[in-house]
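Below is one structure, written out as structure tokens; comments come after it.
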Amino acid sequence: MSSLLAPPASTRGILPPRRPTPRALTARAARSRYRFRTDDDGVVDVAVAANNSNEYTVGVEVPPRPGVHGRPDGTLHLRAADSGDAVPLASPGHGAPLTASLSIHASRAPFNLSFLLTNPSGTEIRTHRRTAFRVPVGVGQGSPAPLGLSLSSDGAANFALYSKTAQRVVLCLYAATDAACPEPAFEIELDPYVNRTGNVWHASLETVAGYASYGFRCGLFGTGHPLLDPYARVIGDLVAGDSVYEEGAALPSMSCLGSLASPPSYNWGRDRRPGLPLEKLVVYRANVALFTKDRSSGLPDDVAGTFAGMAAKVQHFKSLGVNAVLLEPVFPFDQAKGPYFPYHFFSPTNSYSGEGCSASAITAMKDMVKAMHKSGIEVLLEVVFTHTAEGEAECQMISTRGIDSSSYYISGEIAGCKSGILNCNGPVTQKLILDSLRHWVLDFHVDGFCFINAPFLVRGPRGEYLSRPPLLESIAFDPVLSKTKIIADPWSPLDISNVQFPFPHWKRWAEMNARFSIDVRRFLKGEALVSDLATRLCGSGDLFASRGPAFSFNYVSRNSGLTIVDLVSFSNDDLASESSWNCGEEGPSENSAVLEMRLRQIRNFIFILFVSLGIPVLNMGDECGHSSAGSTSYKERVPINWKGLKTTFVKEVTGFISFLAAFRSRRGDIFQRREFLKLENINWHGSDLSEPRWEDPSSKFLCMHIIAENDGNNSDSIRGDLYICFNANVESVSATLPVPAEGSVWLRLVDTSLALPGFFGTESNPKRKQVLGCSSYEVKAHSCVLFESTMDLS
């Protein structure tokens, strides 16, 4: 009966079985059972069983029909939909159903068995839709868990998809991995009575050999273009289709398919997570592509701009004293909008691998993580779970938007965003996010996450703010995720806002400290109160009083704004919100005085970042003079030019960063703390050891005296006090130093006004300047000075 094998087609029209298995097959033998409604208001029951890998038995049973039951020779015949010999359906006795049993040899499953029934007069009996009967062979009921594609060692596959709103779900299998492939090679309409448990649609296939990719049609009656499985681990390329015009506007079309291949196996060997305490981190934020994409990186074309390119620069991170790398989102994203507009949450974007495919991207990312861990560097990911790049138009639905918009998204307009806002605290989306995060921790060995657009994570299904958002609480106490670094970032890529707000934390969540960046910029520009600077230097107690300074991730510049070079080179009206200062001339300059001031301000920014309590976060390229020509637009961002590392300027900056990172580590008693410094351990002064003018807007000078806590019983544990001066005035200020401990002198470690190599010194540098207590030290305009007390060895 091989002639009954139908060409690839849909199984639409199958009804739920409401009778026992056809008698031609035992209930134990039957793997799948179907019931069809016929065009003459009858029913046909079909059961399918597998005998071995290539043999199938199909039982067909027709209940007694008026005028034909009781005929022992059968009055109905079964034949192929196109041609072939007819097979009679026989009845064992009066009033019994008519049955037939077929044995089929097939080289590949799944496939469709297509047949018709004819009565003695030759009239065809078809389905209620006037189509041939089509039965999927090699397809089982499947399991509702886990969601996504599950492949077993024997080649079987289980598909599970959540959709509360879909009235029909059609599983589409493709022979090619390209989403541009016009038609699926095989379609299976999932029976809501057989292949649905609750709101989960599921099916199992004995094998998916011969097929490469899959998608789901979830439109009304199972129509529409195939959608990407939200839980797919390996995916194809995002393929742009023809634009669709709606209301006179062109809407770009996009599609993507899940791969039927298993994720590549990976040998982690002896990989060990560094497991660094939060307070010991020095973080470097980077974009995978822009970090090494430029030819000046010296990397081969298939390595530049990839995960392998990141791994190739491990030594650069180590030379800076960095022990954690924070990557901009690595999920597949909208290339026009940038990485903060993702399409999928379970796979790295294909473009970040040399081969440009999902499987190679998975391996390349794991190689990168492994290389970082080997050098003691943690890998943190920026993640976006508050919105997707999908639109409301059907051509812009790639995955969750078309599968079940009402469950995954918030309806209505929020903060000017008409679509794409995920209902993060709804149970369905919350499960998706938690499953995604655990996937990156367990399968990719990622060490932590920075959640972009954090204010949206506390919203409920109607956009209201929740006092105890279930998603954030679940992450805080999850047995896997709670052991990672979890950081909230208030920056929103939707409306380009950056507003710090009270964030529920359970003493588990850290935060990107936007206030730190604002206040430090304004102080060095001469606009902030000295009290604002003092608050940031001490760990931002106004924001982190209930957690401690280690939960404050401090930064001066970030990827969504001006680089540190542009902060001191551009300050036009369009950049008013950046609090930048061009130091006297807009844009590139050859004026030596302007260039000297810019260099001094760059040193000041870096210095304050590292001598403040909290976690310093460096932005990609700030160590090597990277510039976007004063633009804050993502489209204007350019790759790092690595040739700059050879310039005197960059050697100064990178050496300074390395020195400050080592200094923070050496003075971990002050800068690597979980708790705030005690009030008695900090004294604040003006220029002459007087009380600072806290509320005076004209006051731009501040001194911070940190008194070290020492164990008097152990001379080896004695550490000196620190005295730090900050001058944002346009003229020099004479600072009086307090009297150090008996037998000690002040040793100047940093003066940002001096030229290289004198502006900072190490313990091995004999040129470091000693200053006696009560002596005056001239703190030059727009500069910072650091002193440390040490035993007088003269």
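The chains in the structure tokens are called A, B, ... from first to last as shown; in each chain the residues are counted from 1, and the ligands are counted from 1 in the order shown.
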
Worksheet item: Which residues in region 540-670 of chain A does DSSP call helix (DSSP H, G or I)? List them as a ChimeraX atom specification.
Response: /A:541-544,549-551,564-567,573-578,592-610,622-624,634-636,642-646,648-666,668-670

Practice prompt. Mind checking which residues fall within 9 Å of Ala203 (chain A), counting only C-alpha atoms, ignoring those fewer than 5 positions away in the same chain, and posting them as a VMD selection string?
Written response: chain A and resid 139 to 144 157 to 160 171 190 194 to 196

For all heavy atoms, I'd like the residues from the last selection saved as a short mmCIF file (atom, residue, chain, number, x, y, z; two decimals), in the first residue's frame.
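Ended up saving to part_39.cif:
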```cif
data_model
loop_
_atom_site.label_atom_id
_atom_site.label_comp_id
_atom_site.auth_asym_id
_atom_site.auth_seq_id
_atom_site.Cartn_x
_atom_site.Cartn_y
_atom_site.Cartn_z
N VAL A 139 3.77 10.33 13.97
CA VAL A 139 3.48 11.47 14.83
C VAL A 139 2.72 10.99 16.06
O VAL A 139 1.73 10.26 15.92
CB VAL A 139 2.66 12.54 14.09
CG1 VAL A 139 2.36 13.71 15.01
CG2 VAL A 139 3.39 13.00 12.84
N GLY A 140 3.18 11.36 17.25
CA GLY A 140 2.53 10.95 18.48
C GLY A 140 1.94 12.13 19.23
O GLY A 140 2.08 13.29 18.83
N GLN A 141 1.30 11.83 20.32
CA GLN A 141 0.65 12.87 21.12
C GLN A 141 1.66 13.85 21.69
O GLN A 141 1.41 15.04 21.75
CB GLN A 141 -0.15 12.21 22.25
CG GLN A 141 -0.84 13.21 23.17
CD GLN A 141 -1.62 12.52 24.28
OE1 GLN A 141 -1.58 11.29 24.40
NE2 GLN A 141 -2.31 13.28 25.09
N GLY A 142 2.80 13.38 22.10
CA GLY A 142 3.82 14.24 22.66
C GLY A 142 3.55 14.59 24.11
O GLY A 142 2.56 14.19 24.71
N SER A 143 4.45 15.38 24.68
CA SER A 143 4.38 15.77 26.09
C SER A 143 4.37 17.29 26.20
O SER A 143 5.07 17.98 25.43
CB SER A 143 5.57 15.20 26.86
OG SER A 143 5.64 15.74 28.16
N PRO A 144 3.64 17.85 27.16
CA PRO A 144 3.61 19.32 27.31
C PRO A 144 4.85 19.91 27.97
O PRO A 144 4.98 21.13 28.03
CB PRO A 144 2.37 19.54 28.19
CG PRO A 144 2.24 18.28 28.98
CD PRO A 144 2.69 17.18 28.06
N ALA A 157 11.71 13.28 18.57
CA ALA A 157 11.63 14.70 18.91
C ALA A 157 10.28 15.01 19.53
O ALA A 157 9.25 14.47 19.10
CB ALA A 157 11.85 15.56 17.66
N ASN A 158 10.30 15.87 20.54
CA ASN A 158 9.06 16.34 21.16
C ASN A 158 9.00 17.86 21.01
O ASN A 158 9.98 18.57 21.27
CB ASN A 158 9.00 15.96 22.64
CG ASN A 158 7.65 16.27 23.26
OD1 ASN A 158 6.70 15.50 23.12
ND2 ASN A 158 7.55 17.40 23.96
N PHE A 159 7.84 18.36 20.59
CA PHE A 159 7.63 19.79 20.42
C PHE A 159 6.55 20.23 21.40
O PHE A 159 5.51 19.59 21.52
CB PHE A 159 7.17 20.11 19.00
CG PHE A 159 8.15 19.71 17.93
CD1 PHE A 159 8.18 18.41 17.43
CD2 PHE A 159 9.04 20.63 17.41
CE1 PHE A 159 9.08 18.04 16.45
CE2 PHE A 159 9.94 20.27 16.41
CZ PHE A 159 9.97 18.97 15.94
N ALA A 160 6.79 21.33 22.11
CA ALA A 160 5.80 21.87 23.04
C ALA A 160 5.81 23.39 22.93
O ALA A 160 6.86 24.02 23.00
CB ALA A 160 6.09 21.43 24.47
N LEU A 171 2.44 22.55 13.05
CA LEU A 171 3.88 22.37 13.10
C LEU A 171 4.40 22.20 11.68
O LEU A 171 3.96 21.31 10.96
CB LEU A 171 4.23 21.15 13.96
CG LEU A 171 5.69 20.69 13.97
CD1 LEU A 171 6.60 21.78 14.53
CD2 LEU A 171 5.84 19.40 14.77
N LEU A 190 -1.92 20.24 14.76
CA LEU A 190 -2.06 19.64 16.08
C LEU A 190 -3.53 19.61 16.48
O LEU A 190 -4.25 20.61 16.39
CB LEU A 190 -1.24 20.42 17.11
CG LEU A 190 0.26 20.58 16.79
CD1 LEU A 190 0.98 21.20 17.97
CD2 LEU A 190 0.89 19.26 16.41
N VAL A 194 -6.09 16.02 21.20
CA VAL A 194 -5.03 15.03 21.36
C VAL A 194 -3.71 15.69 21.72
O VAL A 194 -2.98 15.21 22.58
CB VAL A 194 -4.86 14.20 20.06
CG1 VAL A 194 -3.70 13.21 20.20
CG2 VAL A 194 -6.15 13.47 19.73
N ASN A 195 -3.41 16.81 21.05
CA ASN A 195 -2.10 17.44 21.15
C ASN A 195 -2.14 18.74 21.95
O ASN A 195 -1.38 19.66 21.68
CB ASN A 195 -1.54 17.72 19.75
CG ASN A 195 -1.44 16.47 18.91
OD1 ASN A 195 -2.21 16.30 17.97
ND2 ASN A 195 -0.52 15.59 19.25
N ARG A 196 -3.02 18.81 22.92
CA ARG A 196 -3.08 20.01 23.74
C ARG A 196 -3.36 19.64 25.18
O ARG A 196 -4.28 18.87 25.47
CB ARG A 196 -4.18 20.96 23.23
CG ARG A 196 -4.22 22.29 24.00
CD ARG A 196 -5.20 23.26 23.36
NE ARG A 196 -5.19 24.56 24.02
CZ ARG A 196 -5.89 25.61 23.61
NH1 ARG A 196 -6.66 25.51 22.55
NH2 ARG A 196 -5.81 26.76 24.27
#
```

Practice prompt. Give me the residues within 12 Å of Pro479 (chain A) as a ChimeraX atom specification, counting only C-alpha atoms and dropping any in the same chain fewer than 4 places off.
Written response: /A:434,438,441-442,473-475,483-484

Worksheet entry | Residue neighbourhood region 607-619 of chain A, 8 Å, only C-alpha atoms, exclusion window fewer than 3 positions, as an MDAnalysis selection string | chainID A and resid 278:286 520 536:539 549:559 563 603:604 622 660:661 664 670:673 784

Go ahead and save the picked residues with N, CA, C and O atoms, as a tab-separated table (two decimals), in the first residue's frame.
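Okay, this is what ended up in selection_34.tsv:
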```tsv
chain	number	residue	atom	x	y	z
A	278	LEU	N	31.34	40.39	45.15
A	278	LEU	CA	30.82	41.56	44.44
A	278	LEU	C	31.72	42.78	44.62
A	278	LEU	O	32.01	43.51	43.66
A	279	GLU	N	32.20	42.97	45.82
A	279	GLU	CA	32.95	44.18	46.13
A	279	GLU	C	34.33	44.23	45.49
A	279	GLU	O	34.98	45.28	45.45
A	280	LYS	N	34.80	43.11	44.95
A	280	LYS	CA	36.14	43.07	44.36
A	280	LYS	C	36.14	43.26	42.85
A	280	LYS	O	37.20	43.23	42.21
A	281	LEU	N	34.97	43.49	42.26
A	281	LEU	CA	34.88	43.59	40.80
A	281	LEU	C	35.45	44.90	40.27
A	281	LEU	O	35.30	45.96	40.88
A	282	VAL	N	36.08	44.80	39.11
A	282	VAL	CA	36.41	45.95	38.25
A	282	VAL	C	35.87	45.57	36.88
A	282	VAL	O	36.36	44.63	36.25
A	283	VAL	N	34.86	46.28	36.41
A	283	VAL	CA	34.06	45.85	35.27
A	283	VAL	C	34.41	46.64	34.01
A	283	VAL	O	34.65	47.85	34.07
A	284	TYR	N	34.41	45.94	32.88
A	284	TYR	CA	34.63	46.57	31.56
A	284	TYR	C	33.42	46.25	30.69
A	284	TYR	O	33.13	45.09	30.42
A	285	ARG	N	32.70	47.28	30.26
A	285	ARG	CA	31.51	47.09	29.43
A	285	ARG	C	31.93	47.14	27.95
A	285	ARG	O	32.64	48.06	27.54
A	286	ALA	N	31.45	46.17	27.15
A	286	ALA	CA	31.89	46.10	25.76
A	286	ALA	C	30.79	45.59	24.84
A	286	ALA	O	29.89	44.85	25.26
A	520	VAL	N	29.18	63.35	39.15
A	520	VAL	CA	30.61	63.50	38.89
A	520	VAL	C	30.83	64.41	37.68
A	520	VAL	O	31.71	65.29	37.69
A	536	ARG	N	28.58	60.59	46.48
A	536	ARG	CA	28.99	59.55	45.52
A	536	ARG	C	30.32	58.91	45.93
A	536	ARG	O	30.50	57.70	45.78
A	537	LEU	N	31.24	59.68	46.46
A	537	LEU	CA	32.52	59.12	46.89
A	537	LEU	C	32.33	58.08	47.99
A	537	LEU	O	33.07	57.09	48.04
A	538	CYS	N	31.34	58.28	48.84
A	538	CYS	CA	31.14	57.39	49.99
A	538	CYS	C	30.26	56.19	49.69
A	538	CYS	O	29.91	55.44	50.60
A	539	GLY	N	29.88	56.01	48.44
A	539	GLY	CA	29.10	54.82	48.10
A	539	GLY	C	27.63	55.07	47.89
A	539	GLY	O	26.84	54.12	47.91
A	549	PRO	N	27.74	49.76	49.82
A	549	PRO	CA	28.34	50.35	48.62
A	549	PRO	C	28.66	49.34	47.53
A	549	PRO	O	28.75	49.71	46.36
A	550	ALA	N	28.85	48.06	47.87
A	550	ALA	CA	29.19	47.06	46.86
A	550	ALA	C	28.05	46.83	45.88
A	550	ALA	O	28.26	46.23	44.82
A	551	PHE	N	26.85	47.30	46.20
A	551	PHE	CA	25.71	47.13	45.30
A	551	PHE	C	25.56	48.30	44.33
A	551	PHE	O	24.64	48.31	43.52
A	552	SER	N	26.48	49.27	44.44
A	552	SER	CA	26.46	50.42	43.53
A	552	SER	C	27.49	50.22	42.43
A	552	SER	O	28.69	50.21	42.69
A	553	PHE	N	27.02	50.05	41.18
A	553	PHE	CA	27.90	49.93	40.03
A	553	PHE	C	28.07	51.34	39.44
A	553	PHE	O	27.17	51.87	38.79
A	554	ASN	N	29.24	51.92	39.69
A	554	ASN	CA	29.50	53.31	39.30
A	554	ASN	C	30.08	53.38	37.89
A	554	ASN	O	30.90	52.55	37.51
A	555	TYR	N	29.66	54.39	37.17
A	555	TYR	CA	30.23	54.60	35.84
A	555	TYR	C	30.22	56.10	35.53
A	555	TYR	O	29.43	56.86	36.08
A	556	VAL	N	31.13	56.50	34.65
A	556	VAL	CA	31.18	57.88	34.19
A	556	VAL	C	30.57	57.99	32.80
A	556	VAL	O	29.76	58.86	32.51
A	557	SER	N	30.95	57.10	31.90
A	557	SER	CA	30.41	57.08	30.55
A	557	SER	C	29.83	55.70	30.28
A	557	SER	O	30.19	54.72	30.92
A	558	ARG	N	28.91	55.64	29.30
A	558	ARG	CA	28.31	54.36	28.97
A	558	ARG	C	28.05	54.32	27.47
A	558	ARG	O	28.10	55.34	26.78
A	559	ASN	N	27.75	53.11	26.99
A	559	ASN	CA	27.58	52.92	25.55
A	559	ASN	C	26.41	53.68	24.96
A	559	ASN	O	26.35	53.88	23.76
A	563	THR	N	31.31	59.03	24.89
A	563	THR	CA	32.51	58.40	25.42
A	563	THR	C	33.22	59.41	26.32
A	563	THR	O	32.91	60.60	26.32
A	603	ARG	N	41.72	62.27	33.19
A	603	ARG	CA	42.35	61.69	34.38
A	603	ARG	C	41.45	61.85	35.60
A	603	ARG	O	41.32	60.93	36.40
A	604	ASN	N	40.82	63.03	35.72
A	604	ASN	CA	39.94	63.27	36.87
A	604	ASN	C	38.75	62.31	36.88
A	604	ASN	O	38.38	61.78	37.93
A	622	ASP	N	37.22	53.72	26.39
A	622	ASP	CA	37.62	54.90	27.16
A	622	ASP	C	39.09	54.85	27.55
A	622	ASP	O	39.69	55.89	27.85
A	660	LEU	N	45.42	52.41	39.29
A	660	LEU	CA	44.29	52.61	40.19
A	660	LEU	C	43.61	51.29	40.55
A	660	LEU	O	43.16	51.10	41.68
A	661	ALA	N	43.53	50.37	39.58
A	661	ALA	CA	42.93	49.06	39.88
A	661	ALA	C	43.78	48.32	40.91
A	661	ALA	O	43.25	47.69	41.84
A	664	ARG	N	43.24	50.02	44.34
A	664	ARG	CA	41.98	49.60	44.96
A	664	ARG	C	42.13	48.22	45.60
A	664	ARG	O	41.60	47.96	46.68
A	670	ILE	N	39.47	49.78	52.31
A	670	ILE	CA	38.68	51.00	52.11
A	670	ILE	C	37.75	50.88	50.90
A	670	ILE	O	36.56	51.19	50.98
A	671	PHE	N	38.28	50.40	49.78
A	671	PHE	CA	37.53	50.46	48.52
A	671	PHE	C	36.82	49.17	48.15
A	671	PHE	O	35.98	49.17	47.24
A	672	GLN	N	37.13	48.07	48.79
A	672	GLN	CA	36.45	46.81	48.50
A	672	GLN	C	35.68	46.36	49.74
A	672	GLN	O	36.06	45.42	50.43
A	673	ARG	N	34.60	47.05	50.00
A	673	ARG	CA	33.85	46.85	51.23
A	673	ARG	C	32.40	46.51	50.92
A	673	ARG	O	31.81	47.02	49.97
A	784	CYS	N	42.92	66.61	40.69
A	784	CYS	CA	42.71	65.82	41.90
A	784	CYS	C	44.06	65.33	42.39
A	784	CYS	O	44.97	65.06	41.59
```

Worksheet item: What's the 12 Å shell around Glu511 (chain A), counting only C-alpha atoms, without same-chain residues fewer than 3 positions away, as an NGL selection string?
Response: :A and (278 or 449-455 or 485-491 or 499-505 or 507-508 or 514-516 or 540 or 543-544 or 547-555 or 614-615 or 617)

Discussion item. Residues within 10 Å of Leu471 (chain A), please, as a ChimeraX atom specification. Count only C-alpha atoms; anything in the same chain fewer than 2 positions from it doesn't count.
Written reply: /A:424-427,429-431,433-434,457-458,468-469,473-476

Now that the selection is made, can you save its residues with N, CA, C and O atoms as a PDB file, in the first residue's frame?
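Contents of the output file part-v8.pdb:
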```
ATOM      1  N   CYS A 424       6.323  41.163  31.887  1.00  0.00           N
ATOM      2  CA  CYS A 424       7.387  40.423  32.576  1.00  0.00           C
ATOM      3  C   CYS A 424       6.909  39.710  33.829  1.00  0.00           C
ATOM      4  O   CYS A 424       7.460  38.669  34.190  1.00  0.00           O
ATOM      5  N   ASN A 425       5.925  40.264  34.503  1.00  0.00           N
ATOM      6  CA  ASN A 425       5.460  39.668  35.745  1.00  0.00           C
ATOM      7  C   ASN A 425       4.223  38.796  35.553  1.00  0.00           C
ATOM      8  O   ASN A 425       3.650  38.312  36.531  1.00  0.00           O
ATOM      9  N   GLY A 426       3.812  38.600  34.312  1.00  0.00           N
ATOM     10  CA  GLY A 426       2.795  37.609  34.026  1.00  0.00           C
ATOM     11  C   GLY A 426       3.421  36.222  34.102  1.00  0.00           C
ATOM     12  O   GLY A 426       4.612  36.049  33.797  1.00  0.00           O
ATOM     13  N   PRO A 427       2.687  35.202  34.509  1.00  0.00           N
ATOM     14  CA  PRO A 427       3.289  33.876  34.733  1.00  0.00           C
ATOM     15  C   PRO A 427       3.950  33.274  33.503  1.00  0.00           C
ATOM     16  O   PRO A 427       4.973  32.601  33.617  1.00  0.00           O
ATOM     17  N   THR A 429       5.306  34.882  30.700  1.00  0.00           N
ATOM     18  CA  THR A 429       6.554  35.573  30.375  1.00  0.00           C
ATOM     19  C   THR A 429       7.579  35.404  31.478  1.00  0.00           C
ATOM     20  O   THR A 429       8.781  35.278  31.214  1.00  0.00           O
ATOM     21  N   GLN A 430       7.134  35.401  32.716  1.00  0.00           N
ATOM     22  CA  GLN A 430       8.063  35.184  33.832  1.00  0.00           C
ATOM     23  C   GLN A 430       8.758  33.843  33.707  1.00  0.00           C
ATOM     24  O   GLN A 430       9.976  33.746  33.896  1.00  0.00           O
ATOM     25  N   LYS A 431       8.017  32.801  33.357  1.00  0.00           N
ATOM     26  CA  LYS A 431       8.634  31.486  33.175  1.00  0.00           C
ATOM     27  C   LYS A 431       9.633  31.516  32.027  1.00  0.00           C
ATOM     28  O   LYS A 431      10.729  30.948  32.124  1.00  0.00           O
ATOM     29  N   ILE A 433      11.394  34.040  30.961  1.00  0.00           N
ATOM     30  CA  ILE A 433      12.593  34.768  31.381  1.00  0.00           C
ATOM     31  C   ILE A 433      13.443  33.925  32.331  1.00  0.00           C
ATOM     32  O   ILE A 433      14.669  33.835  32.172  1.00  0.00           O
ATOM     33  N   LEU A 434      12.831  33.301  33.308  1.00  0.00           N
ATOM     34  CA  LEU A 434      13.578  32.482  34.263  1.00  0.00           C
ATOM     35  C   LEU A 434      14.239  31.302  33.567  1.00  0.00           C
ATOM     36  O   LEU A 434      15.400  30.964  33.852  1.00  0.00           O
ATOM     37  N   LEU A 457      10.596  46.301  34.704  1.00  0.00           N
ATOM     38  CA  LEU A 457      10.520  44.976  35.319  1.00  0.00           C
ATOM     39  C   LEU A 457       9.617  44.957  36.545  1.00  0.00           C
ATOM     40  O   LEU A 457       9.289  43.886  37.046  1.00  0.00           O
ATOM     41  N   VAL A 458       9.240  46.109  37.024  1.00  0.00           N
ATOM     42  CA  VAL A 458       8.364  46.158  38.200  1.00  0.00           C
ATOM     43  C   VAL A 458       6.918  46.452  37.817  1.00  0.00           C
ATOM     44  O   VAL A 458       6.077  46.692  38.676  1.00  0.00           O
ATOM     45  N   ARG A 468       6.108  44.349  45.059  1.00  0.00           N
ATOM     46  CA  ARG A 468       6.909  43.116  45.121  1.00  0.00           C
ATOM     47  C   ARG A 468       6.743  42.365  43.797  1.00  0.00           C
ATOM     48  O   ARG A 468       5.983  41.408  43.699  1.00  0.00           O
ATOM     49  N   PRO A 469       7.454  42.814  42.777  1.00  0.00           N
ATOM     50  CA  PRO A 469       7.329  42.161  41.466  1.00  0.00           C
ATOM     51  C   PRO A 469       7.735  40.697  41.560  1.00  0.00           C
ATOM     52  O   PRO A 469       8.847  40.377  42.009  1.00  0.00           O
ATOM     53  N   GLU A 473      11.589  39.010  42.546  1.00  0.00           N
ATOM     54  CA  GLU A 473      11.708  38.213  43.765  1.00  0.00           C
ATOM     55  C   GLU A 473      12.117  36.790  43.431  1.00  0.00           C
ATOM     56  O   GLU A 473      12.945  36.184  44.132  1.00  0.00           O
ATOM     57  N   SER A 474      11.579  36.249  42.344  1.00  0.00           N
ATOM     58  CA  SER A 474      11.947  34.888  41.932  1.00  0.00           C
ATOM     59  C   SER A 474      13.422  34.812  41.577  1.00  0.00           C
ATOM     60  O   SER A 474      14.115  33.857  41.944  1.00  0.00           O
ATOM     61  N   ILE A 475      13.925  35.818  40.870  1.00  0.00           N
ATOM     62  CA  ILE A 475      15.345  35.838  40.512  1.00  0.00           C
ATOM     63  C   ILE A 475      16.206  35.937  41.765  1.00  0.00           C
ATOM     64  O   ILE A 475      17.233  35.258  41.896  1.00  0.00           O
ATOM     65  N   ALA A 476      15.784  36.788  42.701  1.00  0.00           N
ATOM     66  CA  ALA A 476      16.578  37.010  43.920  1.00  0.00           C
ATOM     67  C   ALA A 476      16.745  35.748  44.744  1.00  0.00           C
ATOM     68  O   ALA A 476      17.773  35.566  45.407  1.00  0.00           O
TER      69      ALA A 476
END
```

From a DSSP pass on the backbone, collect the residues of region 348-470 of chain A flagged as strand (DSSP E) and hand them back as a PDB file with N, CA and C atoms, in the first residue's frame.
```
ATOM      1  N   GLU A 378      35.310  37.238  35.069  1.00  0.00           N
ATOM      2  CA  GLU A 378      33.914  36.824  34.989  1.00  0.00           C
ATOM      3  C   GLU A 378      33.250  37.425  33.756  1.00  0.00           C
ATOM      4  N   VAL A 379      32.196  36.752  33.279  1.00  0.00           N
ATOM      5  CA  VAL A 379      31.448  37.218  32.113  1.00  0.00           C
ATOM      6  C   VAL A 379      30.022  37.542  32.551  1.00  0.00           C
ATOM      7  N   LEU A 380      29.649  38.793  32.403  1.00  0.00           N
ATOM      8  CA  LEU A 380      28.310  39.257  32.723  1.00  0.00           C
ATOM      9  C   LEU A 380      27.613  39.671  31.435  1.00  0.00           C
ATOM     10  N   LEU A 381      26.310  39.455  31.360  1.00  0.00           N
ATOM     11  CA  LEU A 381      25.549  39.797  30.155  1.00  0.00           C
ATOM     12  C   LEU A 381      24.530  40.884  30.453  1.00  0.00           C
ATOM     13  N   GLU A 382      24.485  41.897  29.614  1.00  0.00           N
ATOM     14  CA  GLU A 382      23.334  42.784  29.618  1.00  0.00           C
ATOM     15  C   GLU A 382      22.187  42.038  28.937  1.00  0.00           C
ATOM     16  N   VAL A 383      21.010  42.067  29.537  1.00  0.00           N
ATOM     17  CA  VAL A 383      19.865  41.364  28.968  1.00  0.00           C
ATOM     18  C   VAL A 383      18.673  42.314  28.898  1.00  0.00           C
ATOM     19  N   GLY A 448      26.654  36.326  35.559  1.00  0.00           N
ATOM     20  CA  GLY A 448      25.688  37.285  36.061  1.00  0.00           C
ATOM     21  C   GLY A 448      25.027  38.051  34.945  1.00  0.00           C
ATOM     22  N   PHE A 449      24.071  38.913  35.324  1.00  0.00           N
ATOM     23  CA  PHE A 449      23.257  39.627  34.347  1.00  0.00           C
ATOM     24  C   PHE A 449      23.025  41.059  34.801  1.00  0.00           C
ATOM     25  N   CYS A 450      22.973  41.946  33.828  1.00  0.00           N
ATOM     26  CA  CYS A 450      22.589  43.333  34.050  1.00  0.00           C
ATOM     27  C   CYS A 450      21.296  43.561  33.274  1.00  0.00           C
ATOM     28  N   PHE A 451      20.214  43.861  33.981  1.00  0.00           N
ATOM     29  CA  PHE A 451      18.883  43.939  33.381  1.00  0.00           C
ATOM     30  C   PHE A 451      18.597  45.369  32.920  1.00  0.00           C
TER      31      PHE A 451
END
```

Practice prompt. Choose the residue, out of A:Leu472, A:Ala175, A:Leu260, A:Leu320, that has the smallest atom-to-atom separation from Gly655 (chain A); count only C-alpha atoms.
Written response: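 Looking at the shortest contact to Gly655 (chain A), the residue is A:Leu320.
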